[in-house]
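Visitor: Mind having a look at this structure? Questions to follow.
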Amino acid sequence: MADFNVNHITGKQGQQGTVMAGVTTVSSTGSMRIPSGPTEYRGGRGRGVIFGGYHPGYNNEINYIEIATTGNATDFGDCSTSNGFGCAMASSTRGVLRLGRGPAGHTNHMEYVTISSNGGVAEFGDDGSLLQDSIASFADSTRGCLATGTQYSPAIRFITIASTGDSTPFGDLSKAKYMGGGAGGASPTRGFAFGGLSPLTPTTPDKIIEYINIQSGGNTVDFGDLTVARRAIAAVTNTTRAVMCSGDTPSTNTMDYITMATEGNAIDFGDIAGQPDGYGSGGSSATRGFIAGCDEDSPHNSIDYITIATTGNATDFGDTTYGNHLCGACSDSHGGIGG
């Protein structure tokens, strides 16, 4: 590594500015700005990744979007196998994709992508011994959690996102239920599970919002209730607010929100116009949330967005390159990692 040596500094009218000695020497009457902040943030964040889904069959595609803009998604690469009903967890650099169901049935397989790259998945590990889909996922900056699914187990398991390996027991939800891949969200400290459907009441979904402290482990604590009981929600978060979008049983265009640092019931946010069928997922930046995969009917490839700090109806963002109904999604700037 080259040394950084300052010979002398003069004003703009002087003969010479700062001199750096090393592999590259710069002499300038201008100025140089030293990069600041964590190294992993310096390439810029704000990218969302959307993977898998169904229409007309299970897909292995991965797309990405730049959340601050609008427009159609761009091809990112492929998952190792076609899948739907998946979920994902992300740090500021890595997205871990927990595949759900494909032509060969259910799986417990996890793989990961480097979000700032343009494709390529690598093996991560297995999610315990349960072959299931529709698991609610959430993450902070280092740890990802996976809460129950179609095996109707109350179990929550966790991974360390920066490493690879199998998931580990964490605690339990309030009861065994079917969640949906997007039905989780996080602040920098808390992880949330929204709604769900218990096999004990198969026609009446839950209104419950429950949470855990992501770094401590343990069972969930009651937070409050959704405005509309449902499963298969697509939730998005910034550091303070979670917005729960769409849902199923019955299908609904409801969006409601909570302030994650306090306990209490959800408040109406607005409507999602183009994706009222649930079973999708979302991701977010510090300001925007995007939702994909909740469109069971044509055109099957919708992406909507909201401004999280306000209230109001969702707006069309663009389209994925393939039919994304039942997709999973994540982002490198969601509320669990500080936006």
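The way I read the labels, and the way they are meant: chains A, B, ... in the order of the structure tokens, residue 1 as the first residue of every chain, and ligand 1 as the first ligand shown, with later ones counted on from there.
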Which neighbours of Thr203 (chain A) fall inside 12 Å, counting only C-alpha atoms, when residues of the same chain fewer than 2 positions from it are skipped, and could you give them as a list in words?

Guide: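 Non-adjacent residues within range: Tyr178, Gly196, Leu197, Ser198, Pro199, Leu200, Thr201, Pro205, Asp206, Ala229, Arg230, Arg231, Asp248, Thr249 and Pro250 of chain A.
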
Visitor: Excluding same-chain residues fewer than 5 positions from region 314-330 of chain A, what lies within 6 Å of it counting only C-alpha atoms, as a PyMOL selection string?

Guide: chain A and resi 48-55+70-73+84-88+272+279-283+293-296+300-306

Visitor: CA of Tyr257 (chain A) to CA of Ala183 (chain A): how many Å, to one decimal?

Guide: 12.8 Å

Visitor: For Thr142 (chain A), list every protein, DNA or RNA residue within 12 Å, evaluated using only C-alpha atoms, and leave out those in the same chain fewer than 2 positions away; present the list as a PDB file with C-alpha atoms, in the first residue's frame.

Guide:
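New file result12.pdb:
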ATOM      1  CA  MET A  89     -32.855 -11.601   3.291  1.00  0.00           C
ATOM      2  CA  ALA A  90     -30.219  -8.973   2.559  1.00  0.00           C
ATOM      3  CA  SER A  91     -27.352  -6.991   4.012  1.00  0.00           C
ATOM      4  CA  SER A  92     -25.956  -3.908   2.280  1.00  0.00           C
ATOM      5  CA  THR A  93     -23.959  -6.142  -0.065  1.00  0.00           C
ATOM      6  CA  ARG A  94     -25.435  -9.643  -0.190  1.00  0.00           C
ATOM      7  CA  GLY A  95     -28.884 -11.067  -0.845  1.00  0.00           C
ATOM      8  CA  VAL A  96     -29.663 -14.585   0.393  1.00  0.00           C
ATOM      9  CA  PHE A 138     -36.565 -10.330   7.574  1.00  0.00           C
ATOM     10  CA  ALA A 139     -33.048  -9.129   8.362  1.00  0.00           C
ATOM     11  CA  ASP A 140     -30.904  -6.515  10.051  1.00  0.00           C
ATOM     12  CA  GLY A 144     -31.454 -12.943   8.511  1.00  0.00           C
ATOM     13  CA  CYS A 145     -34.490 -14.734   9.967  1.00  0.00           C
ATOM     14  CA  PHE A 158     -31.689 -17.577  11.413  1.00  0.00           C
ATOM     15  CA  ILE A 159     -28.543 -17.207   9.324  1.00  0.00           C
ATOM     16  CA  THR A 160     -25.499 -14.949   9.394  1.00  0.00           C
ATOM     17  CA  ILE A 161     -25.698 -13.268   5.996  1.00  0.00           C
ATOM     18  CA  ALA A 162     -21.963 -12.637   5.497  1.00  0.00           C
ATOM     19  CA  SER A 163     -21.091 -16.319   5.964  1.00  0.00           C
ATOM     20  CA  PRO A 188     -32.397  -2.044  12.698  1.00  0.00           C
ATOM     21  CA  THR A 189     -33.312  -3.918  15.906  1.00  0.00           C
ATOM     22  CA  ILE A 214     -33.198  -9.911  15.847  1.00  0.00           C
ATOM     23  CA  GLN A 215     -29.870 -10.128  17.694  1.00  0.00           C
ATOM     24  CA  ASP A 332     -29.531  -3.508  -0.171  1.00  0.00           C
ATOM     25  CA  GLY A 336     -33.239  -3.331   8.867  1.00  0.00           C
ATOM     26  CA  ILE A 337     -29.841  -2.080   7.699  1.00  0.00           C
ATOM     27  CA  GLY A 338     -30.418   1.616   8.182  1.00  0.00           C
TER      28      GLY A 338
END

Visitor: Determine which residues of region 109-187 of chain A receive a DSSP assignment of strand (DSSP E), computed from the backbone, and state them as a VMD selection string.

Guide: chain A and resid 109 to 114 122 to 126 136 to 139 143 to 147 155 to 160 168 to 172 184 to 186

Visitor: Counting only C-alpha atoms, what is within 8 Å of Glu66 (chain A), bar same-chain residues fewer than 2 positions away, as a ChimeraX atom specification?

Guide: /A:46-48,64,68-70

Visitor: Write out the residues from the selection above, keeping C-alpha atoms, as a PDB file, in the first residue's frame.

Guide:
ATOM      1  CA  GLY A  46     -30.516   1.466  -3.565  1.00  0.00           C
ATOM      2  CA  ARG A  47     -30.870  -1.671  -5.705  1.00  0.00           C
ATOM      3  CA  GLY A  48     -33.713  -4.159  -5.481  1.00  0.00           C
ATOM      4  CA  TYR A  64     -32.893  -5.931 -10.580  1.00  0.00           C
ATOM      5  CA  ALA A  68     -34.829   5.673  -6.859  1.00  0.00           C
ATOM      6  CA  THR A  69     -35.897   5.597 -10.508  1.00  0.00           C
ATOM      7  CA  THR A  70     -38.879   4.127 -12.325  1.00  0.00           C
TER       8      THR A  70
END
